[in-house]
$ cat data.txt   # compact mmCIF, C-alpha atoms
# COMPACT_ATOMS: atom_id res chain seq x y z
CA MET A 1 -36.47 -11.20 20.15
CA VAL A 2 -36.74 -8.68 17.31
CA GLU A 3 -40.14 -7.45 18.60
CA ASN A 4 -38.72 -6.80 22.08
CA GLU A 5 -35.76 -4.99 20.56
CA CYS A 6 -38.06 -2.75 18.49
CA SER A 7 -40.17 -1.99 21.57
CA TYR A 8 -37.02 -1.18 23.56
CA ASN A 9 -35.72 1.14 20.84
CA ASN A 10 -39.11 2.82 20.58
CA ASN A 11 -39.15 3.44 24.35
CA ILE A 12 -35.65 4.92 24.21
CA ARG A 13 -36.75 7.15 21.37
CA TYR A 14 -39.78 8.40 23.33
CA MET A 15 -37.63 8.94 26.44
CA VAL A 16 -35.30 11.16 24.44
CA PHE A 17 -38.20 13.14 22.99
CA ALA A 18 -39.86 13.45 26.42
CA ALA A 19 -36.61 14.86 27.81
CA MET A 20 -36.33 17.20 24.85
CA PHE A 21 -39.87 18.51 25.37
CA ALA A 22 -39.21 18.94 29.11
CA SER A 23 -36.16 21.05 28.25
CA MET A 24 -38.16 23.09 25.73
CA MET A 25 -40.77 23.77 28.44
CA ALA A 26 -37.97 25.09 30.64
CA VAL A 27 -36.67 27.33 27.86
CA GLY A 28 -40.24 28.45 27.12
CA ALA A 29 -40.60 29.52 30.76
CA TYR A 30 -37.74 31.98 30.31
CA ILE A 31 -39.54 33.65 27.42
CA LYS A 32 -41.70 35.66 29.77
CA ILE A 33 -43.85 38.70 29.24
CA PRO A 34 -45.21 40.16 32.48
CA VAL A 35 -48.89 41.08 32.53
CA PRO A 36 -49.25 44.24 34.65
CA VAL A 37 -52.67 43.33 36.08
CA SER A 38 -51.93 39.66 36.80
CA PRO A 39 -49.41 37.58 38.75
CA VAL A 40 -49.41 35.12 35.84
CA PRO A 41 -46.93 35.99 33.04
CA ILE A 42 -47.24 35.10 29.38
CA THR A 43 -44.76 32.33 28.52
CA LEU A 44 -44.12 29.82 25.76
CA GLN A 45 -44.45 26.86 28.13
CA THR A 46 -47.97 26.13 26.93
CA LEU A 47 -46.82 25.86 23.31
CA PHE A 48 -44.51 23.00 24.28
CA ILE A 49 -47.11 21.40 26.57
CA LEU A 50 -49.54 21.30 23.64
CA LEU A 51 -46.90 19.86 21.32
CA ALA A 52 -45.76 17.27 23.87
CA GLY A 53 -49.29 15.99 24.37
CA ALA A 54 -50.06 15.84 20.65
CA MET A 55 -46.75 14.52 19.38
CA LEU A 56 -45.79 12.15 22.20
CA GLY A 57 -49.27 10.94 23.13
CA ALA A 58 -50.89 10.58 26.53
CA ARG A 59 -48.19 8.49 28.20
CA TRP A 60 -44.99 10.16 27.05
CA GLY A 61 -46.45 13.66 26.77
CA THR A 62 -47.55 13.46 30.40
CA ILE A 63 -44.20 12.02 31.43
CA SER A 64 -42.41 14.93 29.75
CA VAL A 65 -44.48 17.45 31.73
CA ILE A 66 -43.93 15.54 34.97
CA VAL A 67 -40.17 15.49 34.33
CA TYR A 68 -40.27 19.25 33.76
CA LEU A 69 -42.20 19.81 37.00
CA LEU A 70 -39.92 17.49 38.99
CA LEU A 71 -36.88 19.43 37.76
CA GLY A 72 -38.49 22.61 39.08
CA ILE A 73 -39.46 20.99 42.39
CA ALA A 74 -35.86 19.75 42.76
CA GLY A 75 -34.69 23.36 42.63
CA LEU A 76 -33.61 23.85 39.04
CA PRO A 77 -34.73 27.29 37.80
CA VAL A 78 -37.08 25.98 35.11
CA PHE A 79 -40.34 27.68 36.03
CA SER A 80 -41.43 31.06 34.75
CA GLY A 81 -38.69 33.64 35.06
CA GLY A 82 -36.21 31.17 36.55
CA SER A 83 -38.20 30.33 39.67
CA SER A 84 -38.24 26.88 41.23
CA GLY A 85 -39.27 24.87 44.26
CA LEU A 86 -42.30 23.06 45.59
CA GLY A 87 -43.67 26.37 46.88
CA MET A 88 -44.55 27.34 43.31
CA PHE A 89 -47.42 24.85 43.47
CA PHE A 90 -48.91 26.74 46.41
CA GLY A 91 -48.67 30.20 44.82
CA PRO A 92 -50.97 31.93 42.34
CA THR A 93 -49.55 30.02 39.34
CA GLY A 94 -49.61 26.57 40.97
CA GLY A 95 -52.90 25.57 39.38
CA TYR A 96 -51.49 26.23 35.92
CA LEU A 97 -48.48 24.03 36.68
CA LEU A 98 -50.76 21.19 37.77
CA GLY A 99 -53.00 21.87 34.79
CA PHE A 100 -50.03 21.29 32.48
CA VAL A 101 -50.02 17.60 33.46
CA PHE A 102 -53.72 17.05 32.90
CA GLY A 103 -53.82 19.21 29.78
CA ALA A 104 -51.00 17.26 28.12
CA PHE A 105 -52.62 13.98 29.14
CA VAL A 106 -56.01 14.87 27.64
CA ILE A 107 -54.47 16.20 24.43
CA GLY A 108 -52.36 13.06 24.13
CA LEU A 109 -55.30 10.79 24.87
CA LEU A 110 -57.44 12.45 22.20
CA CYS A 111 -54.59 12.40 19.66
CA ASP A 112 -53.85 8.74 20.47
CA ARG A 113 -57.50 7.82 20.01
CA TYR A 114 -58.47 9.96 17.01
CA GLY A 115 -55.14 10.74 15.34
CA LYS A 116 -53.24 13.97 15.00
CA ASP A 117 -53.01 14.31 11.26
CA LYS A 118 -55.98 16.69 10.89
CA VAL A 119 -55.37 20.29 11.95
CA HIS A 120 -59.01 20.98 12.83
CA PHE A 121 -59.13 18.00 15.20
CA ASN A 122 -55.84 19.08 16.78
CA ILE A 123 -57.29 22.53 17.37
CA LEU A 124 -60.23 20.99 19.24
CA PHE A 125 -57.98 18.65 21.23
CA MET A 126 -55.63 21.47 22.19
CA LEU A 127 -58.50 23.76 23.14
CA ALA A 128 -59.67 20.99 25.50
CA GLY A 129 -56.17 20.88 27.01
CA ILE A 130 -56.03 24.67 27.34
CA PHE A 131 -59.46 24.60 29.01
CA ILE A 132 -58.15 22.15 31.62
CA ILE A 133 -55.01 24.21 32.23
CA TYR A 134 -57.01 27.40 32.70
CA SER A 135 -59.68 25.74 34.82
CA LEU A 136 -57.12 24.56 37.36
CA GLY A 137 -55.16 27.80 37.10
CA ILE A 138 -58.18 30.02 37.68
CA PHE A 139 -59.34 27.87 40.60
CA GLN A 140 -55.93 28.21 42.29
CA LEU A 141 -55.78 31.94 41.53
CA MET A 142 -59.23 32.41 43.09
CA ASN A 143 -58.20 30.61 46.26
CA ILE A 144 -54.74 32.12 46.72
CA ALA A 145 -55.63 35.71 45.83
CA SER A 146 -59.14 35.63 47.36
CA LEU A 147 -60.74 36.60 44.06
CA SER A 148 -64.25 36.02 42.80
CA PHE A 149 -64.66 33.81 39.73
CA PRO A 150 -65.17 36.77 37.35
CA GLU A 151 -62.12 38.56 38.80
CA ALA A 152 -59.99 35.43 38.43
CA VAL A 153 -61.14 34.99 34.82
CA VAL A 154 -60.26 38.61 34.02
CA LEU A 155 -56.81 38.29 35.63
CA GLY A 156 -55.99 34.66 34.81
CA LEU A 157 -57.54 34.06 31.40
CA VAL A 158 -58.59 37.09 29.36
CA PRO A 159 -55.11 38.62 28.78
CA TYR A 160 -53.82 35.27 27.47
CA ILE A 161 -56.50 34.44 24.90
CA PRO A 162 -54.83 36.06 21.83
CA GLY A 163 -51.47 34.40 22.50
CA ASP A 164 -53.03 31.05 23.24
CA ILE A 165 -55.02 31.16 20.01
CA LEU A 166 -51.71 31.60 18.16
CA LYS A 167 -50.08 28.81 20.19
CA VAL A 168 -52.98 26.43 19.49
CA LEU A 169 -52.90 27.19 15.76
CA ALA A 170 -49.12 26.83 15.49
CA SER A 171 -48.93 23.65 17.54
CA SER A 172 -51.90 22.11 15.70
CA ILE A 173 -50.19 22.65 12.36
CA ILE A 174 -46.83 21.39 13.60
CA ALA A 175 -48.31 18.28 15.22
CA SER A 176 -50.29 17.39 12.10
CA ARG A 177 -47.26 17.61 9.83
CA TYR A 178 -44.52 16.00 11.87
CA SER A 179 -44.54 12.64 13.58
CA ILE A 180 -42.23 11.22 16.16

$ encode --input "data.txt" --output "structure tokens"
Amino acid sequence: MVENECSYNNNIRYMVFAAMFASMMAVGAYIKIPVPVSPVPITLQTLFILLAGAMLGARWGTISVIVYLLLGIAGLPVFSGGSSGLGMFFGPTGGYLLGFVFGAFVIGLLCDRYGKDKVHFNILFMLAGIFIIYSLGIFQLMNIASLSFPEAVVLGLVPYIPGDILKVLASSIIASRYSI
């Protein structure tokens, strides 16, 4: 009985943290810096995606991203700049949104398997997650905007590298020092 109660309490705890990370992703979407040459703005969403995957693990980190996306699909203004709706998945940023799910899952899977207490491992895990996010994002950008691969990389990746390096470093340090 005590074991089931501990498992139940642990699940409740992770549900609360998953909801908290989903809300931080929504807030991070409002912190938006437009990039003049690209339809993809700079936001803080990815910081919270990285943290959710690392701190909550594969299962709950992915659930937190899915909750965030479902809120946006349902019409709540939680996507970049207060946008919402299923149509966002078919626009130029749709691949990034889908990439959030897979990126958080891979980061969580690696952290679950190898631990998250070492900053240098977290950096590698989060770079893998960022790679997945950008791969899906660039693919969608190429298809929607009829761009070549090099053009899509220049518009959908290059302007974001400095900020993402900072996000990866910050989230790697945070995840290694704090446990949920």

$ atom_distance --input "data.txt" --atom1 "CA of Val106 (chain A)" --atom2 "CA of Ser172 (chain A)"
14.6 Å

$ residues_around --input "data.txt" --residues "Val27 (chain A)" --least-positions-apart "6" --cutoff "10 Å" --atoms "all atoms listed in the file" --output "count of residues only"
10

$ atom_distance --input "data.txt" --atom1 "CA of Met15 (chain A)" --atom2 "CA of Gly75 (chain A)"
21.9 Å

$ closest_residue --input "data.txt" --among "A:Ala104, A:Ile173, A:Leu155, A:Ile130" --to "Met142 (chain A)" --atoms "all atoms listed in the file"
A:Leu155

$ residues_around --input "data.txt" --residues "Leu70 (chain A)" --least-positions-apart "4" --cutoff "12 Å" --atoms "only C-alpha atoms" --output "number ranges by chain"
A: 19, 22-23, 26, 63-66, 74-79, 84-86, 88-89, 97-98, 101

$ write_last_selection --input "data.txt" --atoms "C-alpha atoms" --output "mmCIF file, in the coordinates of the input"
data_model
loop_
_atom_site.group_PDB
_atom_site.id
_atom_site.type_symbol
_atom_site.label_atom_id
_atom_site.label_comp_id
_atom_site.auth_asym_id
_atom_site.auth_seq_id
_atom_site.Cartn_x
_atom_site.Cartn_y
_atom_site.Cartn_z
ATOM 1 C CA ALA A 19 -36.610 14.860 27.810
ATOM 2 C CA ALA A 22 -39.210 18.940 29.110
ATOM 3 C CA SER A 23 -36.160 21.050 28.250
ATOM 4 C CA ALA A 26 -37.970 25.090 30.640
ATOM 5 C CA ILE A 63 -44.200 12.020 31.430
ATOM 6 C CA SER A 64 -42.410 14.930 29.750
ATOM 7 C CA VAL A 65 -44.480 17.450 31.730
ATOM 8 C CA ILE A 66 -43.930 15.540 34.970
ATOM 9 C CA ALA A 74 -35.860 19.750 42.760
ATOM 10 C CA GLY A 75 -34.690 23.360 42.630
ATOM 11 C CA LEU A 76 -33.610 23.850 39.040
ATOM 12 C CA PRO A 77 -34.730 27.290 37.800
ATOM 13 C CA VAL A 78 -37.080 25.980 35.110
ATOM 14 C CA PHE A 79 -40.340 27.680 36.030
ATOM 15 C CA SER A 84 -38.240 26.880 41.230
ATOM 16 C CA GLY A 85 -39.270 24.870 44.260
ATOM 17 C CA LEU A 86 -42.300 23.060 45.590
ATOM 18 C CA MET A 88 -44.550 27.340 43.310
ATOM 19 C CA PHE A 89 -47.420 24.850 43.470
ATOM 20 C CA LEU A 97 -48.480 24.030 36.680
ATOM 21 C CA LEU A 98 -50.760 21.190 37.770
ATOM 22 C CA VAL A 101 -50.020 17.600 33.460
#

$ closest_residue --input "data.txt" --among "A:Gly99, A:Gly57, A:Gly94, A:Pro41" --to "Cys111 (chain A)" --atoms "all atoms listed in the file"
A:Gly57

$ closest_residue --input "data.txt" --among "A:Asn11, A:Asn122, A:Ser146, A:Thr93" --to "Met55 (chain A)" --atoms "only C-alpha atoms"
A:Asn122

$ residues_near_point --input "data.txt" --point "(-53.1, 23.0, 12.6)" --cutoff "8 Å" --atoms "only C-alpha atoms" --output "short mmCIF file (atom, residue, chain, number, x, y, z; two decimals) with C-alpha atoms, in the frame of the given file"
data_model
loop_
_atom_site.label_atom_id
_atom_site.label_comp_id
_atom_site.auth_asym_id
_atom_site.auth_seq_id
_atom_site.Cartn_x
_atom_site.Cartn_y
_atom_site.Cartn_z
CA LYS A 118 -55.98 16.69 10.89
CA VAL A 119 -55.37 20.29 11.95
CA HIS A 120 -59.01 20.98 12.83
CA ASN A 122 -55.84 19.08 16.78
CA ILE A 123 -57.29 22.53 17.37
CA VAL A 168 -52.98 26.43 19.49
CA LEU A 169 -52.90 27.19 15.76
CA ALA A 170 -49.12 26.83 15.49
CA SER A 171 -48.93 23.65 17.54
CA SER A 172 -51.90 22.11 15.70
CA ILE A 173 -50.19 22.65 12.36
CA ILE A 174 -46.83 21.39 13.60
CA ALA A 175 -48.31 18.28 15.22
CA SER A 176 -50.29 17.39 12.10
#

$ residues_around --input "data.txt" --residues "Gly156 (chain A)" --least-positions-apart "3" --cutoff "7 Å" --atoms "only C-alpha atoms" --output "PyMOL selection string"
chain A and resi 38+40+138+152-153

$ atom_distance --input "data.txt" --atom1 "CA of Gly95 (chain A)" --atom2 "CA of Gln140 (chain A)"
5.0 Å

$ residues_around --input "data.txt" --residues "Gly129 (chain A)" --least-positions-apart "5" --cutoff "12 Å" --atoms "all atoms listed in the file" --output "PDB file with C-alpha atoms, keeping the file's coordinate frame"
ATOM      1  CA  THR A  46     -47.970  26.130  26.930  1.00  0.00           C
ATOM      2  CA  LEU A  47     -46.820  25.860  23.310  1.00  0.00           C
ATOM      3  CA  ILE A  49     -47.110  21.400  26.570  1.00  0.00           C
ATOM      4  CA  LEU A  50     -49.540  21.300  23.640  1.00  0.00           C
ATOM      5  CA  LEU A  51     -46.900  19.860  21.320  1.00  0.00           C
ATOM      6  CA  ALA A  52     -45.760  17.270  23.870  1.00  0.00           C
ATOM      7  CA  GLY A  53     -49.290  15.990  24.370  1.00  0.00           C
ATOM      8  CA  ALA A  54     -50.060  15.840  20.650  1.00  0.00           C
ATOM      9  CA  ALA A  58     -50.890  10.580  26.530  1.00  0.00           C
ATOM     10  CA  THR A  62     -47.550  13.460  30.400  1.00  0.00           C
ATOM     11  CA  TYR A  96     -51.490  26.230  35.920  1.00  0.00           C
ATOM     12  CA  GLY A  99     -53.000  21.870  34.790  1.00  0.00           C
ATOM     13  CA  PHE A 100     -50.030  21.290  32.480  1.00  0.00           C
ATOM     14  CA  VAL A 101     -50.020  17.600  33.460  1.00  0.00           C
ATOM     15  CA  PHE A 102     -53.720  17.050  32.900  1.00  0.00           C
ATOM     16  CA  GLY A 103     -53.820  19.210  29.780  1.00  0.00           C
ATOM     17  CA  ALA A 104     -51.000  17.260  28.120  1.00  0.00           C
ATOM     18  CA  PHE A 105     -52.620  13.980  29.140  1.00  0.00           C
ATOM     19  CA  VAL A 106     -56.010  14.870  27.640  1.00  0.00           C
ATOM     20  CA  ILE A 107     -54.470  16.200  24.430  1.00  0.00           C
ATOM     21  CA  GLY A 108     -52.360  13.060  24.130  1.00  0.00           C
ATOM     22  CA  LEU A 109     -55.300  10.790  24.870  1.00  0.00           C
ATOM     23  CA  LEU A 110     -57.440  12.450  22.200  1.00  0.00           C
ATOM     24  CA  CYS A 111     -54.590  12.400  19.660  1.00  0.00           C
ATOM     25  CA  ASN A 122     -55.840  19.080  16.780  1.00  0.00           C
ATOM     26  CA  ILE A 123     -57.290  22.530  17.370  1.00  0.00           C
ATOM     27  CA  LEU A 124     -60.230  20.990  19.240  1.00  0.00           C
ATOM     28  CA  TYR A 134     -57.010  27.400  32.700  1.00  0.00           C
ATOM     29  CA  SER A 135     -59.680  25.740  34.820  1.00  0.00           C
ATOM     30  CA  LEU A 136     -57.120  24.560  37.360  1.00  0.00           C
ATOM     31  CA  ASP A 164     -53.030  31.050  23.240  1.00  0.00           C
ATOM     32  CA  VAL A 168     -52.980  26.430  19.490  1.00  0.00           C
TER      33      VAL A 168
END

$ closest_residue --input "data.txt" --among "A:Trp60, A:Tyr114, A:Phe149, A:Tyr160" --to "Ile12 (chain A)" --atoms "only C-alpha atoms"
A:Trp60

$ axis_aligned_box --input "data.txt" --around "region 19-27 of chain A" --padding-each-side "3 Å" --output "lines of an AutoDock Vina configuration file"
center_x = -38.5
center_y = 21.1
center_z = 27.7
size_x = 10.6
size_y = 18.5
size_z = 11.8

$ closest_residue --input "data.txt" --among "A:Tyr14, A:Pro36, A:Pro92, A:Asn9" --to "Leu147 (chain A)" --atoms "only C-alpha atoms"
A:Pro92

$ closest_residue --input "data.txt" --among "A:Leu127, A:Met25, A:Leu166, A:Leu56" --to "Leu71 (chain A)" --atoms "only C-alpha atoms"
A:Met25

$ decode --input "data.txt" --residues "region 78-95 of chain A" --atoms "N, CA, C and O atoms" --output "short mmCIF file (atom, residue, chain, number, x, y, z; two decimals), in the first residue's frame"
data_model
loop_
_atom_site.label_atom_id
_atom_site.label_comp_id
_atom_site.auth_asym_id
_atom_site.auth_seq_id
_atom_site.Cartn_x
_atom_site.Cartn_y
_atom_site.Cartn_z
N VAL A 78 -0.83 30.66 -26.95
CA VAL A 78 0.41 30.26 -26.28
C VAL A 78 1.61 30.12 -27.21
O VAL A 78 2.73 29.93 -26.74
N PHE A 79 1.38 30.21 -28.51
CA PHE A 79 2.50 30.10 -29.44
C PHE A 79 3.15 31.46 -29.60
O PHE A 79 2.66 32.48 -29.12
N SER A 80 4.23 31.50 -30.32
CA SER A 80 5.02 32.70 -30.48
C SER A 80 4.17 33.92 -30.82
O SER A 80 3.37 33.90 -31.74
N GLY A 81 4.34 34.96 -30.02
CA GLY A 81 3.62 36.20 -30.24
C GLY A 81 2.13 36.15 -29.97
O GLY A 81 1.38 37.01 -30.40
N GLY A 82 1.66 35.12 -29.26
CA GLY A 82 0.24 35.02 -28.95
C GLY A 82 -0.59 34.34 -30.01
O GLY A 82 -1.82 34.41 -29.99
N SER A 83 0.04 33.66 -30.94
CA SER A 83 -0.72 32.95 -31.98
C SER A 83 -1.20 31.62 -31.43
O SER A 83 -0.76 31.15 -30.38
N SER A 84 -2.13 31.00 -32.16
CA SER A 84 -2.68 29.71 -31.74
C SER A 84 -3.33 29.03 -32.93
O SER A 84 -3.44 29.59 -34.01
N GLY A 85 -3.79 27.82 -32.69
CA GLY A 85 -4.54 27.08 -33.70
C GLY A 85 -3.74 25.99 -34.38
O GLY A 85 -2.51 26.02 -34.42
N LEU A 86 -4.45 25.04 -34.92
CA LEU A 86 -3.85 23.91 -35.62
C LEU A 86 -3.09 24.36 -36.86
O LEU A 86 -2.10 23.76 -37.26
N GLY A 87 -3.53 25.46 -37.46
CA GLY A 87 -2.88 25.99 -38.65
C GLY A 87 -1.41 26.33 -38.45
O GLY A 87 -0.64 26.34 -39.41
N MET A 88 -1.01 26.58 -37.22
CA MET A 88 0.40 26.89 -36.93
C MET A 88 1.31 25.72 -37.32
O MET A 88 2.47 25.93 -37.66
N PHE A 89 0.78 24.51 -37.28
CA PHE A 89 1.58 23.34 -37.63
C PHE A 89 1.81 23.23 -39.13
O PHE A 89 2.64 22.46 -39.58
N PHE A 90 1.03 23.97 -39.91
CA PHE A 90 1.14 23.92 -41.37
C PHE A 90 1.84 25.15 -41.93
O PHE A 90 1.98 25.28 -43.14
N GLY A 91 2.28 26.03 -41.05
CA GLY A 91 2.98 27.25 -41.47
C GLY A 91 4.49 27.05 -41.40
O GLY A 91 4.99 25.94 -41.14
N PRO A 92 5.24 28.11 -41.59
CA PRO A 92 6.71 28.01 -41.63
C PRO A 92 7.34 27.58 -40.31
O PRO A 92 8.45 27.06 -40.31
N THR A 93 6.65 27.78 -39.19
CA THR A 93 7.23 27.39 -37.90
C THR A 93 6.71 26.05 -37.39
O THR A 93 7.08 25.61 -36.30
N GLY A 94 5.85 25.40 -38.15
CA GLY A 94 5.24 24.14 -37.71
C GLY A 94 6.24 23.03 -37.43
O GLY A 94 6.06 22.23 -36.50
N GLY A 95 7.30 22.96 -38.20
CA GLY A 95 8.30 21.93 -37.97
C GLY A 95 9.02 22.10 -36.65
O GLY A 95 9.37 21.12 -35.98
#
